[in-house]
Every structure is written in structure tokens, then in C-alpha cells.
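S.K.: Please find upload.cif (mmCIF, C-alpha atoms) on the next line:
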data_entry
#
loop_
_atom_site.group_PDB
_atom_site.id
_atom_site.type_symbol
_atom_site.label_atom_id
_atom_site.label_comp_id
_atom_site.auth_asym_id
_atom_site.auth_seq_id
_atom_site.Cartn_x
_atom_site.Cartn_y
_atom_site.Cartn_z
ATOM 1 C CA LEU A 3 35.835 64.264 -49.928
ATOM 2 C CA TRP A 4 33.882 61.099 -50.830
ATOM 3 C CA ASN A 5 36.229 60.235 -53.699
ATOM 4 C CA ARG A 6 39.325 60.883 -51.577
ATOM 5 C CA ARG A 7 38.097 58.543 -48.827
ATOM 6 C CA TYR A 8 37.057 55.998 -51.448
ATOM 7 C CA GLU A 9 40.621 56.023 -52.828
ATOM 8 C CA GLU A 10 41.943 55.548 -49.275
ATOM 9 C CA LEU A 11 39.587 52.595 -48.882
ATOM 10 C CA LYS A 12 40.831 51.134 -52.177
ATOM 11 C CA ASP A 13 44.405 51.387 -50.863
ATOM 12 C CA TYR A 14 43.353 49.737 -47.619
ATOM 13 C CA HIS A 15 41.624 46.955 -49.577
ATOM 14 C CA ARG A 16 44.715 46.391 -51.725
ATOM 15 C CA THR A 17 46.849 46.097 -48.595
ATOM 16 C CA TYR A 18 44.589 44.002 -46.359
ATOM 17 C CA GLY A 19 42.217 42.256 -48.773
ATOM 18 C CA HIS A 20 39.054 43.548 -47.082
ATOM 19 C CA THR A 21 37.243 46.796 -46.270
ATOM 20 C CA ARG A 22 36.628 46.323 -42.540
ATOM 21 C CA VAL A 23 38.716 49.244 -41.297
ATOM 22 C CA PRO A 24 39.223 48.899 -37.527
ATOM 23 C CA LYS A 25 38.392 51.783 -35.221
ATOM 24 C CA HIS A 26 41.977 51.970 -34.004
ATOM 25 C CA CYS A 27 44.344 51.450 -36.885
ATOM 26 C CA ALA A 28 47.923 52.705 -36.740
ATOM 27 C CA THR A 29 48.383 52.571 -40.509
ATOM 28 C CA HIS A 30 45.176 54.331 -41.549
ATOM 29 C CA SER A 31 43.345 57.353 -40.320
ATOM 30 C CA GLN A 32 40.526 57.286 -37.823
ATOM 31 C CA GLU A 33 38.690 59.368 -40.411
ATOM 32 C CA LEU A 34 38.626 56.416 -42.834
ATOM 33 C CA CYS A 35 36.960 54.215 -40.234
ATOM 34 C CA GLU A 36 34.430 56.942 -39.431
ATOM 35 C CA TRP A 37 33.803 57.466 -43.147
ATOM 36 C CA CYS A 38 33.037 53.746 -43.541
ATOM 37 C CA ILE A 39 30.574 53.931 -40.646
ATOM 38 C CA VAL A 40 28.873 56.900 -42.323
ATOM 39 C CA GLN A 41 28.639 54.947 -45.595
ATOM 40 C CA VAL A 42 26.760 52.152 -43.832
ATOM 41 C CA ARG A 43 24.410 54.679 -42.203
ATOM 42 C CA GLU A 44 23.845 56.442 -45.538
ATOM 43 C CA TYR A 45 23.233 53.105 -47.272
ATOM 44 C CA LYS A 46 20.566 52.176 -44.715
ATOM 45 C CA ALA A 47 18.913 55.569 -45.199
ATOM 46 C CA HIS A 48 19.029 55.061 -48.973
ATOM 47 C CA CYS A 49 17.404 51.626 -48.640
ATOM 48 C CA ASP A 50 14.702 53.112 -46.410
ATOM 49 C CA GLY A 51 13.961 55.767 -49.034
ATOM 50 C CA CYS A 52 15.230 58.626 -46.870
ATOM 51 C CA PRO A 53 17.156 61.602 -48.235
ATOM 52 C CA THR A 54 20.842 60.700 -48.303
ATOM 53 C CA THR A 55 24.104 61.332 -50.098
ATOM 54 C CA MET A 56 24.297 57.623 -50.981
ATOM 55 C CA ASN A 57 23.408 56.762 -54.569
ATOM 56 C CA GLU A 58 23.525 53.732 -56.848
ATOM 57 C CA GLN A 59 26.888 54.724 -58.331
ATOM 58 C CA ARG A 60 28.511 54.885 -54.888
ATOM 59 C CA ILE A 61 26.881 51.616 -53.844
ATOM 60 C CA THR A 62 28.239 49.941 -56.983
ATOM 61 C CA LYS A 63 31.753 51.286 -56.394
ATOM 62 C CA LEU A 64 31.738 50.116 -52.771
ATOM 63 C CA ASN A 65 30.300 46.719 -53.729
ATOM 64 C CA GLU A 66 33.100 46.276 -56.265
ATOM 65 C CA LEU A 67 35.527 46.468 -53.329
ATOM 66 C CA GLY A 68 33.459 43.954 -51.396
ATOM 67 C CA PHE A 69 32.410 46.630 -48.926
ATOM 68 C CA THR A 70 30.978 45.174 -45.732
ATOM 69 C CA TRP A 71 27.572 46.776 -45.225
ATOM 70 C CA ARG A 72 27.002 45.108 -41.880
ATOM 71 C CA ALA A 73 29.529 44.999 -39.088
ATOM 72 C CA PRO A 74 30.290 41.701 -37.367
ATOM 73 C CA PRO A 75 28.111 41.129 -34.317
ATOM 74 C CA THR A 76 29.086 43.168 -31.313
ATOM 75 C CA PHE A 77 29.380 41.676 -27.859
ATOM 76 C CA SER A 78 25.909 42.949 -26.955
ATOM 77 C CA GLU A 79 24.438 41.261 -30.045
ATOM 78 C CA LYS A 80 26.079 37.962 -29.100
ATOM 79 C CA ILE A 81 24.635 37.967 -25.575
ATOM 80 C CA PRO A 82 21.105 36.844 -26.562
ATOM 81 C CA TYR A 83 22.558 33.927 -28.568
ATOM 82 C CA ARG A 84 24.808 32.917 -25.686
ATOM 83 C CA TYR A 85 21.856 33.207 -23.327
ATOM 84 C CA GLN A 86 19.739 30.970 -25.601
ATOM 85 C CA LYS A 87 22.510 28.360 -25.732
ATOM 86 C CA LYS A 88 22.888 28.457 -21.959
ATOM 87 C CA ARG A 89 19.125 28.101 -21.423
ATOM 88 C CA ALA A 90 18.965 25.169 -23.867
ATOM 89 C CA ARG A 91 21.860 23.448 -22.105
ATOM 90 C CA GLU A 92 20.200 24.018 -18.703
ATOM 91 C CA THR A 93 16.907 22.599 -20.021
ATOM 92 C CA ILE A 94 18.629 19.464 -21.319
ATOM 93 C CA GLU A 95 20.508 18.999 -18.044
ATOM 94 C CA ARG A 96 17.284 19.461 -16.046
ATOM 95 C CA LYS A 97 15.408 16.903 -18.177
ATOM 96 C CA LEU A 98 18.241 14.388 -17.841
ATOM 97 C CA GLN A 99 18.257 14.876 -14.083
ATOM 98 C CA GLU A 100 14.460 14.431 -13.938
ATOM 99 C CA GLU A 101 14.741 11.217 -15.971
ATOM 100 C CA GLU A 102 17.486 9.913 -13.673
ATOM 101 C CA GLU A 103 15.396 10.736 -10.600
ATOM 102 C CA ALA A 104 12.315 9.049 -12.109
ATOM 103 C CA ALA A 105 14.388 5.965 -12.948
ATOM 104 C CA ALA A 106 15.757 5.886 -9.381
ATOM 105 C CA VAL A 107 12.229 6.120 -7.899
ATOM 106 C CA GLU A 108 11.045 3.355 -10.220
ATOM 107 C CA ALA A 109 14.015 1.150 -9.308
ATOM 108 C CA GLN A 110 13.360 1.739 -5.610
ATOM 109 C CA ALA A 111 9.680 0.843 -6.033
ATOM 110 C CA GLU A 112 10.629 -2.350 -7.870
ATOM 111 C CA GLN A 113 13.117 -3.209 -5.122
ATOM 112 C CA GLU A 114 10.407 -2.709 -2.474
ATOM 113 C CA ILE A 115 8.073 -5.058 -4.373
ATOM 114 C CA ILE A 116 10.846 -7.661 -4.597
ATOM 115 C CA ASN A 117 11.565 -7.295 -0.860
ATOM 116 C CA GLU A 118 7.845 -7.722 -0.008
ATOM 117 C CA ASP A 119 7.687 -10.951 -2.012
ATOM 118 C CA MET A 120 10.585 -12.457 -0.048
#
Go ahead and express the file in the form of C-alpha cells.
M.R.:
Amino acid sequence: LWNRRYEELKDYHRTYGHTRVPKHCATHSQELCEWCIVQVREYKAHCDGCPTTMNEQRITKLNELGFTWRAPPTFSEKIPYRYQKKRARETIERKLQEEEEAAAVEAQAEQEIINEDM
């Protein structure tokens, strides 16, 4: 089974130039996508020293195709980054507003001093 799916992945790679098989692909089986997901899981287990069907020979073969061992970030993984950017932007805006308010208070105080001298 492993070799058959590997050959399917090679065909996919020849056609599309990458190994990121989408979950819903009209031209390739859902099984190929699921097989790729299992390969990533097995690779992680292998790296952690756990019993697995993954071995160095399979890793080498998949690497030769440029196999993607990590999926692109999911929406839930992007949320913390977006949240950090939003918080940074809010902090900058707040500091700018505080500086503008401080400058306005200072200008008003200077104007009051000028008015007292007149």
C-alpha cells in the first residue's frame, strides 16, 4: 500500500510540481490526501523515537519529492499572530494619542501663561 500511494504522490508531483495534496481534489483520491497526513504523523512519531512504520528509506524517498512535512498555518494558527499585530497597532495608536493630548495640554498651559503676561 505504501509504495502504491507513493507512486500516486509521484504522479501528483509530476502534474502539479508539489506534494501538498488538497483535502478535496477532483483529480486525485481523498485517500492520497489522507495518506500524506498519515506520513506526517508517522514522521513526527519517528522523530520522537516512537514505534512507527516510518523509516529512513521512506523519509529519503519523500524528501526527494520535496514532501512538505508541515502543513501551511491553519486559520486557528494565524489568529495569535493577527491578534499580536492588532495589539501592537492599538498600542502605537494609544501612545500617539497620549502624546497628542500631552502636547495639547502643554500648549494650553503655555497659552495661559502668555495670556497672564498680557
S.K.: If we count only C-alpha atoms and set the cut-off at 12 Å, which residues sit around stretch 49-62 of chain A, ignoring sequence neighbours fewer than 5 positions away in its own chain? Please answer as a PyMOL selection string.
M.R.: chain A and resi 4-5+7-8+40-44+67-71
S.K.: Quick one: which residues end up in the PyMOL selection byres ((chain A and resi 36) around 12) for this structure, as a list of chain:residue names?
M.R.: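 The output of the PyMOL selection byres ((chain A and resi 36) around 12) on this file is A:Arg7, A:Leu11, A:Arg22, A:Val23, A:Pro24, A:Lys25, A:His26, A:Cys27, A:His30, A:Ser31, A:Gln32, A:Glu33, A:Leu34, A:Cys35, A:Trp37, A:Cys38, A:Ile39, A:Val40, A:Gln41, A:Val42, A:Arg43.
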S.K.: Residues as selected, C-alpha atoms, written as a PDB file, in the frame of the given file, can you do that?
M.R.:
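Once written, selection38.pdb looks like this:
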ATOM      1  CA  ARG A   7      38.097  58.543 -48.827  1.00  0.00           C
ATOM      2  CA  LEU A  11      39.587  52.595 -48.882  1.00  0.00           C
ATOM      3  CA  ARG A  22      36.628  46.323 -42.540  1.00  0.00           C
ATOM      4  CA  VAL A  23      38.716  49.244 -41.297  1.00  0.00           C
ATOM      5  CA  PRO A  24      39.223  48.899 -37.527  1.00  0.00           C
ATOM      6  CA  LYS A  25      38.392  51.783 -35.221  1.00  0.00           C
ATOM      7  CA  HIS A  26      41.977  51.970 -34.004  1.00  0.00           C
ATOM      8  CA  CYS A  27      44.344  51.450 -36.885  1.00  0.00           C
ATOM      9  CA  HIS A  30      45.176  54.331 -41.549  1.00  0.00           C
ATOM     10  CA  SER A  31      43.345  57.353 -40.320  1.00  0.00           C
ATOM     11  CA  GLN A  32      40.526  57.286 -37.823  1.00  0.00           C
ATOM     12  CA  GLU A  33      38.690  59.368 -40.411  1.00  0.00           C
ATOM     13  CA  LEU A  34      38.626  56.416 -42.834  1.00  0.00           C
ATOM     14  CA  CYS A  35      36.960  54.215 -40.234  1.00  0.00           C
ATOM     15  CA  TRP A  37      33.803  57.466 -43.147  1.00  0.00           C
ATOM     16  CA  CYS A  38      33.037  53.746 -43.541  1.00  0.00           C
ATOM     17  CA  ILE A  39      30.574  53.931 -40.646  1.00  0.00           C
ATOM     18  CA  VAL A  40      28.873  56.900 -42.323  1.00  0.00           C
ATOM     19  CA  GLN A  41      28.639  54.947 -45.595  1.00  0.00           C
ATOM     20  CA  VAL A  42      26.760  52.152 -43.832  1.00  0.00           C
ATOM     21  CA  ARG A  43      24.410  54.679 -42.203  1.00  0.00           C
TER      22      ARG A  43
END
S.K.: How many Å separate atom CA of A:Thr93 from atom CA of A:Val107?
M.R.: 21.0 Å
S.K.: To one decimal place, how far is atom CA of A:Tyr45 from atom CA of A:Asn65 in Å?
M.R.: 11.5 Å
